[in-house]
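One file, my_file-v2.csv, carrying CSV, C-alpha atoms and all ligand atoms:
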chain,number,residue,atom,x,y,z
A,434,MET,CA,-1.5,12.7,-28.8
A,435,LEU,CA,-4.5,13.8,-26.8
A,436,LEU,CA,-6.7,11.4,-24.8
A,437,ASP,CA,-10.2,12.1,-23.8
A,438,PHE,CA,-10.6,10.1,-20.6
A,439,SER,CA,-14.4,10.6,-20.6
A,440,ALA,CA,-14.6,8.7,-23.9
A,441,LEU,CA,-12.3,5.8,-22.8
A,442,PRO,CA,-13.4,2.6,-21.0
A,443,ALA,CA,-12.2,2.6,-17.3
A,444,ARG,CA,-9.8,-0.3,-17.9
A,445,ASP,CA,-8.0,1.8,-20.6
A,446,VAL,CA,-7.9,4.9,-18.4
A,447,TYR,CA,-6.4,2.7,-15.6
A,448,GLN,CA,-3.6,1.7,-18.0
A,449,TRP,CA,-2.9,5.4,-19.0
A,450,MET,CA,-2.9,6.5,-15.4
A,451,THR,CA,-0.6,3.8,-14.1
A,452,HIS,CA,1.8,4.3,-17.0
A,453,THR,CA,2.0,8.1,-16.3
A,454,ILE,CA,1.5,8.6,-12.6
A,455,LEU,CA,4.8,7.1,-11.4
A,456,PRO,CA,6.9,6.0,-9.6
A,457,ARG,CA,4.3,5.1,-7.0
A,458,PRO,CA,5.2,4.0,-3.4
A,459,ILE,CA,3.8,0.7,-2.2
A,460,ALA,CA,1.7,0.2,0.9
A,461,TRP,CA,1.8,-3.4,1.9
A,462,VAL,CA,-1.4,-3.5,4.0
A,463,SER,CA,-2.1,-5.9,6.8
A,464,THR,CA,-5.7,-6.3,8.1
A,465,VAL,CA,-7.8,-8.7,10.1
A,466,SER,CA,-11.4,-9.8,9.8
A,467,ARG,CA,-13.9,-9.9,12.6
A,468,GLU,CA,-13.2,-13.6,13.0
A,469,GLY,CA,-9.5,-12.9,13.3
A,470,LYS,CA,-8.4,-14.0,9.8
A,471,THR,CA,-5.3,-12.1,8.7
A,472,ASN,CA,-4.8,-10.6,5.2
A,473,LEU,CA,-1.9,-8.9,3.4
A,474,ALA,CA,-2.0,-7.1,0.1
A,475,PRO,CA,-0.1,-4.3,-1.8
A,476,PHE,CA,-1.5,-1.0,-2.9
A,477,SER,CA,0.4,1.6,-5.0
A,478,PHE,CA,-2.3,4.2,-4.9
A,479,PHE,CA,-0.7,5.3,-1.6
A,480,GLN,CA,0.4,8.6,-0.1
A,481,GLY,CA,1.1,10.5,3.1
A,482,VAL,CA,-1.6,13.2,3.7
A,483,THR,CA,-0.4,15.3,6.7
A,484,SER,CA,1.7,15.1,9.8
A,485,ASN,CA,-0.9,17.1,11.9
A,486,PRO,CA,-2.5,14.7,12.7
A,487,PRO,CA,-0.3,11.9,11.3
A,488,THR,CA,-2.3,10.6,8.4
A,489,LEU,CA,-1.8,8.5,5.2
A,490,LEU,CA,-4.1,7.2,2.6
A,491,PHE,CA,-4.3,4.2,0.2
A,492,ILE,CA,-6.9,3.2,-2.3
A,493,PRO,CA,-8.5,-0.3,-2.7
A,494,VAL,CA,-10.2,-0.3,-6.1
A,495,ASN,CA,-13.1,-2.6,-6.7
A,496,THR,CA,-12.5,-5.7,-8.9
A,497,ARG,CA,-13.6,-5.8,-12.5
A,498,GLU,CA,-16.7,-7.6,-11.3
A,499,GLY,CA,-17.4,-4.7,-8.9
A,500,ALA,CA,-16.5,-6.6,-5.7
A,501,LYS,CA,-14.7,-5.0,-2.7
A,502,LYS,CA,-11.1,-6.1,-2.0
A,503,ASP,CA,-10.6,-8.3,1.1
A,504,THR,CA,-8.5,-5.5,2.6
A,505,LEU,CA,-11.5,-3.1,2.5
A,506,ARG,CA,-13.9,-5.7,3.8
A,507,ASN,CA,-11.7,-6.3,6.8
A,508,ILE,CA,-11.2,-2.6,7.6
A,509,GLU,CA,-15.0,-2.2,7.5
A,510,GLN,CA,-15.1,-4.9,10.2
A,511,VAL,CA,-12.0,-4.1,12.2
A,512,PRO,CA,-11.1,-0.4,11.5
A,513,GLU,CA,-7.3,-0.9,12.0
A,514,PHE,CA,-4.4,-1.7,9.6
A,515,VAL,CA,-0.7,-1.8,9.3
A,516,VAL,CA,1.1,-0.2,6.3
A,517,ASN,CA,4.4,-2.0,5.7
A,518,LEU,CA,6.9,-0.5,3.3
A,519,VAL,CA,8.6,-2.8,0.7
A,520,SER,CA,12.3,-3.1,0.2
A,521,GLY,CA,14.0,-4.7,-2.8
A,522,GLU,CA,14.5,-8.0,-1.0
A,523,LEU,CA,10.7,-8.2,-0.1
A,524,ALA,CA,9.5,-7.3,-3.7
A,525,ALA,CA,8.9,-10.9,-4.9
A,526,GLN,CA,7.0,-11.8,-1.7
A,527,MET,CA,5.0,-8.6,-1.9
A,528,ASN,CA,4.0,-9.4,-5.5
A,529,GLN,CA,2.9,-12.9,-4.4
A,530,THR,CA,0.4,-11.4,-2.0
A,531,ALA,CA,-1.4,-9.6,-4.9
A,532,ALA,CA,-2.9,-13.1,-5.7
A,533,LEU,CA,-6.7,-13.3,-5.4
A,534,LEU,CA,-7.0,-15.8,-2.6
A,535,PRO,CA,-10.5,-16.7,-1.3
A,536,TYR,CA,-11.7,-14.4,1.4
A,537,GLY,CA,-10.4,-15.4,4.8
A,538,GLU,CA,-7.3,-17.2,3.5
A,539,SER,CA,-4.2,-15.6,4.9
A,540,GLU,CA,-1.4,-14.4,2.6
A,541,PHE,CA,1.0,-14.6,5.6
A,542,GLU,CA,0.3,-18.3,5.8
A,543,ALA,CA,0.0,-19.1,2.1
A,544,PHE,CA,3.4,-17.5,1.2
A,545,GLY,CA,5.2,-18.0,4.5
A,546,ILE,CA,5.7,-14.4,5.3
A,547,ALA,CA,7.1,-13.9,8.8
A,548,SER,CA,5.0,-11.6,11.0
A,549,LEU,CA,5.2,-9.9,14.4
A,550,PRO,CA,2.3,-8.7,16.6
A,551,SER,CA,1.5,-5.0,16.5
A,552,GLN,CA,1.4,-2.9,19.7
A,553,ARG,CA,-1.6,-0.6,19.2
A,554,VAL,CA,-3.7,-2.4,16.6
A,555,ARG,CA,-4.9,-6.0,16.0
A,556,PRO,CA,-3.4,-6.7,12.5
A,557,LEU,CA,0.0,-8.2,12.3
A,558,ARG,CA,3.1,-6.4,10.8
A,559,VAL,CA,5.6,-7.8,8.3
A,560,ALA,CA,8.6,-8.8,10.4
A,561,ALA,CA,11.2,-7.9,7.6
A,562,ALA,CA,9.6,-4.6,6.5
A,563,PRO,CA,12.1,-1.7,6.9
A,564,VAL,CA,9.2,0.5,8.2
A,565,SER,CA,5.7,-0.4,9.4
A,566,PHE,CA,3.0,2.2,10.4
A,567,GLU,CA,0.3,1.1,12.8
A,568,CYS,CA,-2.9,2.9,11.8
A,569,THR,CA,-6.5,3.2,12.8
A,570,LEU,CA,-9.2,4.1,10.3
A,571,HIS,CA,-9.9,7.8,10.0
A,572,GLN,CA,-12.4,7.8,7.1
A,573,ILE,CA,-13.4,6.0,4.0
A,574,VAL,CA,-14.3,8.2,1.0
A,575,PRO,CA,-16.0,6.4,-1.9
A,576,VAL,CA,-15.2,7.6,-5.4
A,577,GLY,CA,-17.4,6.2,-8.2
A,578,GLU,CA,-19.5,3.0,-8.1
A,579,GLY,CA,-19.2,-0.5,-9.5
A,580,PRO,CA,-16.2,-2.1,-11.3
A,581,LEU,CA,-12.9,-0.2,-10.7
A,582,ALA,CA,-14.6,2.4,-8.5
A,583,ALA,CA,-12.5,3.3,-5.4
A,584,ASN,CA,-12.7,3.7,-1.7
A,585,VAL,CA,-10.1,6.1,-0.4
A,586,VAL,CA,-9.0,4.8,3.0
A,587,PHE,CA,-7.5,7.5,5.3
A,588,GLY,CA,-5.6,6.1,8.3
A,589,ARG,CA,-4.3,7.8,11.4
A,590,ILE,CA,-0.7,6.7,12.1
A,591,HIS,CA,-0.1,5.9,15.8
A,592,LEU,CA,3.3,4.1,15.7
A,593,ALA,CA,6.1,3.7,13.2
A,594,HIS,CA,8.5,0.7,13.5
A,595,VAL,CA,11.7,1.7,11.8
A,596,ASN,CA,14.6,-0.7,11.2
A,597,ASP,CA,17.7,1.1,12.8
A,598,ALA,CA,19.9,-0.3,10.0
A,599,THR,CA,18.1,2.1,7.6
A,600,LEU,CA,19.1,5.3,9.5
A,601,GLY,CA,21.5,7.7,7.9
A,602,ALA,CA,24.0,10.1,9.5
A,603,ASN,CA,21.2,12.7,10.2
A,604,GLY,CA,19.2,10.1,12.2
A,605,LEU,CA,16.5,9.8,9.6
A,606,PRO,CA,15.9,6.9,7.2
A,607,ASP,CA,18.2,7.0,4.2
A,608,ALA,CA,16.5,6.3,0.9
A,609,GLY,CA,19.5,4.1,-0.3
A,610,LEU,CA,19.5,2.1,2.9
A,611,LEU,CA,15.7,1.7,2.8
A,612,ASP,CA,16.0,0.5,-0.8
A,613,LEU,CA,12.2,0.8,-1.3
A,614,VAL,CA,10.6,-0.3,-4.5
A,615,GLY,CA,8.2,1.9,-6.4
A,616,ARG,CA,5.7,0.7,-9.0
A,617,LEU,CA,5.8,1.8,-12.6
A,618,GLY,CA,3.3,0.8,-15.4
A,619,GLY,CA,2.5,-2.9,-15.9
A,620,ASN,CA,5.0,-5.3,-14.2
A,621,ALA,CA,7.8,-2.7,-13.9
A,622,TYR,CA,9.3,-1.4,-10.7
A,623,THR,CA,12.0,1.0,-9.7
A,624,ARG,CA,14.2,1.4,-6.5
A,625,THR,CA,15.1,4.3,-4.3
A,626,THR,CA,18.8,3.4,-4.6
A,627,GLU,CA,19.2,5.8,-7.5
A,628,ARG,CA,18.7,9.5,-6.7
A,629,PHE,CA,20.0,13.1,-7.0
A,630,GLU,CA,19.8,16.2,-4.9
A,631,LEU,CA,18.5,19.8,-5.5
A,632,LYS,CA,19.0,22.6,-3.1
A,633,ARG,CA,15.7,24.4,-2.4
A,634,PRO,CA,15.6,28.1,-3.4
A,635,ASP,CA,16.5,30.4,-0.5
A,636,ARG,CA,13.2,32.3,-0.7
B,701,LIG,C1,2.6,-3.4,-6.7
B,701,LIG,C2,1.1,-3.6,-6.7
B,701,LIG,C3,0.3,-2.5,-6.4
B,701,LIG,C4,-1.0,-2.6,-6.4
B,701,LIG,N1,-1.8,-1.5,-6.1
B,701,LIG,C5,-3.1,-1.5,-6.0
B,701,LIG,C6,-3.9,-0.4,-5.7
B,701,LIG,O1,-3.4,0.7,-5.5
B,701,LIG,N2,-5.3,-0.6,-5.5
B,701,LIG,C7,-5.9,-1.8,-5.7
B,701,LIG,O2,-7.1,-1.9,-5.6
B,701,LIG,N3,-5.1,-2.9,-6.1
B,701,LIG,C8,-3.8,-2.8,-6.2
B,701,LIG,N4,-3.1,-3.9,-6.5
B,701,LIG,C9,-3.8,-5.2,-6.7
B,701,LIG,C10,-4.1,-5.8,-5.3
B,701,LIG,O3,-2.9,-6.0,-4.5
B,701,LIG,C11,-4.8,-7.2,-5.5
B,701,LIG,O4,-6.1,-6.9,-6.1
B,701,LIG,C12,-4.9,-7.9,-4.2
B,701,LIG,O5,-5.4,-9.2,-4.5
B,701,LIG,C13,-5.9,-7.3,-3.2
B,701,LIG,O6,-5.9,-8.2,-2.1
B,701,LIG,P1,-7.1,-8.3,-1.1
B,701,LIG,O7,-8.4,-8.7,-1.9
B,701,LIG,O8,-6.6,-9.4,-0.2
B,701,LIG,O9,-7.3,-7.0,-0.4
B,701,LIG,C14,-1.7,-3.8,-6.6
B,701,LIG,C15,-0.9,-5.0,-6.9
B,701,LIG,C16,0.5,-4.8,-6.9
B,701,LIG,C17,1.4,-6.0,-7.2
Please go through the file and, once you have read it, give me the structure as structure tokens.
Amino acid sequence: MLLDFSALPARDVYQWMTHTILPRPIAWVSTVSREGKTNLAPFSFFQGVTSNPPTLLFIPVNTREGAKKDTLRNIEQVPEFVVNLVSGELAAQMNQTAALLPYGESEFEAFGIASLPSQRVRPLRVAAAPVSFECTLHQIVPVGEGPLAANVVFGRIHLAHVNDATLGANGLPDAGLLDLVGRLGGNAYTRTTERFELKRPDR
């Protein structure tokens, strides 16, 4: 089949994109409002950008009504955030935090998610996350306008908290020990416990 995205409604395009661009890593993003209200939400439009300078991005998409997500509103007020990674044992709690709570209501409190203070930024980090990146805002790049339009959030990574229990023999995190979850289409997920290796060409 052939799909012409310019002829499809944005909601249908979203379904085709999220059922084809996969698996997607999940950024579980912690932010704080000017008044100090904490917020936590998952985003699977998430990637590393470069190590020089250490940079990542994630993408809050406007609601179907065209409203900004709480995460974006907070970052516009306090330009700092923590990206927590999500292991299999945290998947259910992560999913709970995708609930549309009223602005200012904390997912940490609503779902009893244990937190720890961060060192360089104001937002909290998720205590049980295998990895947490403390970030400051680098840039917000808007893409489109209105319902389902996006704001690409680029963050400069300052600190990475890594659970030592996830380290492999080479001193780096092992995908199996991390046991991260990736998002597929709809309600489906995958895990990094299944993998295979390919040797890179010599030249
Ligand atoms: C696994 C998962 C991945 C998600 N990825 C995104 C995403 O990339 N962008 C987005 O705007 N919403 C995404 N969502 C939905 C948001 O998490 C949801 O709208 C949430 O309520 C936003 O919270 P906030 O308003 O507190 O920022 C995702 C939800 C789940 C469960």
Step by step, measure atom-to-atom distances between ligand LIG 701 (chain B) and each residue using only C-alpha atoms and all ligand atoms, keep those at most 7 Å, then write them as a CSV table (one decimal) with C-alpha atoms, in the coordinates of the input.
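Full text of selection-v1.csv as output:
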chain,number,residue,atom,x,y,z
A,459,ILE,CA,3.8,0.7,-2.2
A,472,ASN,CA,-4.8,-10.6,5.2
A,473,LEU,CA,-1.9,-8.9,3.4
A,474,ALA,CA,-2.0,-7.1,0.1
A,475,PRO,CA,-0.1,-4.3,-1.8
A,476,PHE,CA,-1.5,-1.0,-2.9
A,477,SER,CA,0.4,1.6,-5.0
A,478,PHE,CA,-2.3,4.2,-4.9
A,479,PHE,CA,-0.7,5.3,-1.6
A,491,PHE,CA,-4.3,4.2,0.2
A,492,ILE,CA,-6.9,3.2,-2.3
A,493,PRO,CA,-8.5,-0.3,-2.7
A,494,VAL,CA,-10.2,-0.3,-6.1
A,495,ASN,CA,-13.1,-2.6,-6.7
A,502,LYS,CA,-11.1,-6.1,-2.0
A,503,ASP,CA,-10.6,-8.3,1.1
A,504,THR,CA,-8.5,-5.5,2.6
A,505,LEU,CA,-11.5,-3.1,2.5
A,527,MET,CA,5.0,-8.6,-1.9
A,528,ASN,CA,4.0,-9.4,-5.5
A,530,THR,CA,0.4,-11.4,-2.0
A,531,ALA,CA,-1.4,-9.6,-4.9
A,532,ALA,CA,-2.9,-13.1,-5.7
A,533,LEU,CA,-6.7,-13.3,-5.4
A,534,LEU,CA,-7.0,-15.8,-2.6
A,616,ARG,CA,5.7,0.7,-9.0
Residues within 9 Å of A:Leu600, all atoms listed in the file, excluding chain neighbours under 6 positions, as a VMD selection string: chain A and resid 606 to 607 610 to 611
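Atom CA of A:Gln448 is found 13.7 Å from atom CA of A:Arg497.
Picture a line from atom CA of A:Glu578 to atom CA of A:Pro512; it runs 21.6 Å.
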Closest of A:Ala582, A:Leu518, A:Ala608, A:Val614 to A:His594, counting only C-alpha atoms, is A:Leu518
Counting all atoms listed in the file, what is within 8 Å of A:Val559, bar same-chain residues fewer than 3 positions away, as an MDAnalysis selection string? chainID A and resid 517 546:549 562 565
Saved selection, atoms kept: C-alpha atoms, as a PDB file, in the frame of the given file:
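That gives us out.pdb:
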ATOM      1  CA  ASN A 517       4.400  -2.000   5.700  1.00  0.00           C
ATOM      2  CA  ILE A 546       5.700 -14.400   5.300  1.00  0.00           C
ATOM      3  CA  ALA A 547       7.100 -13.900   8.800  1.00  0.00           C
ATOM      4  CA  SER A 548       5.000 -11.600  11.000  1.00  0.00           C
ATOM      5  CA  LEU A 549       5.200  -9.900  14.400  1.00  0.00           C
ATOM      6  CA  ALA A 562       9.600  -4.600   6.500  1.00  0.00           C
ATOM      7  CA  SER A 565       5.700  -0.400   9.400  1.00  0.00           C
TER       8      SER A 565
END
Considering all atoms listed in the file, return as a VMD selection string whatever protein or nucleic-acid residues lie within 10 Å of A:Glu468, sequence-local ones (same chain, fewer than 2 positions apart) excluded. chain A and resid 465 to 466 470 to 471 507 510 to 511 537
Requested write-out: C-alpha atoms of the selected residues, as a PDB file, in the frame of the given file:
ATOM      1  CA  VAL A 465      -7.800  -8.700  10.100  1.00  0.00           C
ATOM      2  CA  SER A 466     -11.400  -9.800   9.800  1.00  0.00           C
ATOM      3  CA  LYS A 470      -8.400 -14.000   9.800  1.00  0.00           C
ATOM      4  CA  THR A 471      -5.300 -12.100   8.700  1.00  0.00           C
ATOM      5  CA  ASN A 507     -11.700  -6.300   6.800  1.00  0.00           C
ATOM      6  CA  GLN A 510     -15.100  -4.900  10.200  1.00  0.00           C
ATOM      7  CA  VAL A 511     -12.000  -4.100  12.200  1.00  0.00           C
ATOM      8  CA  GLY A 537     -10.400 -15.400   4.800  1.00  0.00           C
TER       9      GLY A 537
END
